[in-house]
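In what follows, a single structure is set out as structure tokens and then discussed.
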Amino acid sequence: DGIIIKERSFPRESKLMYKADSGAIEYINIFEVSNINSTLKNLKDKNFWVYGFDGSGKKKFTEVEWKGNKILLFGSEGYGLHQHTSKYTDFLVRIDINRNIESLNISNSAAIAFHYINLTKKNIID
């Protein structure tokens with residue numbers, strides 16, 4: 001479990017980021033990589049499935065069985081996944097939102113997905 005992020009995109013020295021995370025960053029593994037696409041390819045070769053979150057996804061993310069080795073890939077608000085990066089996804093899934101809202105920002109999308117998956121895993125264990 002952890003977050004994969006491009007080295008040059010991670011503001012390690014940002015005090016604002018640490019304040020905004022409310023202490024949660026201390027409990028998250030952060031893997032800084034030089035190239036997201038080559039990292040995705042490498043992880044796919046190690047039996048990971050890559051789920052890209054995109055408004056055009058055919059399947060709702062709540063319809064996925066969140067077991068096993070999975071990578072959740074989020075794009076930026078408005079632009080979504082980079083076209084080249086989306087080539088490494090095995091599945092595109094969506095978060096259903098009000099049609100009047102174009103997209104969610106990455107923190108909202110991630111929070112919704114992580115909360116749901118955590119609840120799902122907890123219910124399986126309980």
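Scheme for the structure tokens: letters A, B, ... for chains in order shown; per-chain residue numbers from 1; ligand numbers from 1 in order shown.
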
Would you mind writing down, as a list of chain:residue names, each residue of chain A that DSSP on the backbone assigns to strand (DSSP E)?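 Secondary structure check on chain A, strand (DSSP E): A:Ile3, A:Ile4, A:Ile5, A:Lys6, A:Ile30, A:Phe31, A:Glu32, A:Val33, A:Trp49, A:Val50, A:Tyr51, A:Gly52, A:Phe53, A:Lys59, A:Lys60, A:Lys70, A:Ile71, A:Leu72, A:Leu73, A:Phe74, A:Phe91, A:Leu92, A:Val93, A:Arg94.
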
Residue contacts of His82 in chain A (12 Å, only C-alpha atoms) excluding same-chain residues fewer than 3 positions away, as an NGL selection string: :A and (36-37 or 52-54 or 73-79 or 85-89)

Report the distance between CA of Ser38 in chain A and CA of Ile106 in chain A in Å, rounded to one decimal place.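 According to the coordinates, CA of Ser38 in chain A and CA of Ile106 in chain A are separated by 21.6 Å.
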
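From CA of Glu7 in chain A back to CA of Val33 in chain A, the distance works out to 5.4 Å.
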
Might you pull out every residue within 12 Å of Asn47 in chain A, with only C-alpha atoms counted and same-chain residues fewer than 5 positions away left off, and present them as a list in words?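 Once the nearby chain positions are removed, what remains is Leu40, Lys41, Asn42, Gly68, Asn69, Lys70, Ile71 and Asp90 of chain A.
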
Produce a file of the selected residues containing N, CA, C and O atoms, as a short mmCIF file (atom, residue, chain, number, x, y, z; two decimals), in the first residue's frame.
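Below is the file that was written, part13.cif:
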```
data_model
loop_
_atom_site.label_atom_id
_atom_site.label_comp_id
_atom_site.auth_asym_id
_atom_site.auth_seq_id
_atom_site.Cartn_x
_atom_site.Cartn_y
_atom_site.Cartn_z
N LEU A 40 4.66 1.70 -14.09
CA LEU A 40 3.42 0.95 -14.33
C LEU A 40 3.69 -0.32 -15.12
O LEU A 40 3.19 -1.39 -14.80
N LYS A 41 4.52 -0.21 -16.16
CA LYS A 41 4.87 -1.39 -16.97
C LYS A 41 5.54 -2.45 -16.11
O LYS A 41 5.20 -3.64 -16.17
N ASN A 42 6.47 -2.03 -15.28
CA ASN A 42 7.18 -2.96 -14.39
C ASN A 42 6.22 -3.64 -13.42
O ASN A 42 6.29 -4.85 -13.20
N GLY A 68 -6.50 -8.32 -4.16
CA GLY A 68 -5.30 -8.59 -4.94
C GLY A 68 -4.46 -7.35 -5.20
O GLY A 68 -4.64 -6.31 -4.58
N ASN A 69 -3.55 -7.48 -6.14
CA ASN A 69 -2.61 -6.41 -6.46
C ASN A 69 -3.21 -5.46 -7.48
O ASN A 69 -3.32 -5.78 -8.65
N LYS A 70 -3.58 -4.28 -7.02
CA LYS A 70 -4.21 -3.31 -7.90
C LYS A 70 -3.56 -1.95 -7.72
O LYS A 70 -3.16 -1.57 -6.63
N ILE A 71 -3.48 -1.24 -8.82
CA ILE A 71 -2.97 0.13 -8.82
C ILE A 71 -4.12 1.03 -9.23
O ILE A 71 -4.79 0.76 -10.23
N ASP A 90 -5.38 -1.30 -17.39
CA ASP A 90 -6.10 -2.51 -17.80
C ASP A 90 -7.59 -2.23 -17.89
O ASP A 90 -8.29 -2.82 -18.70
#
```
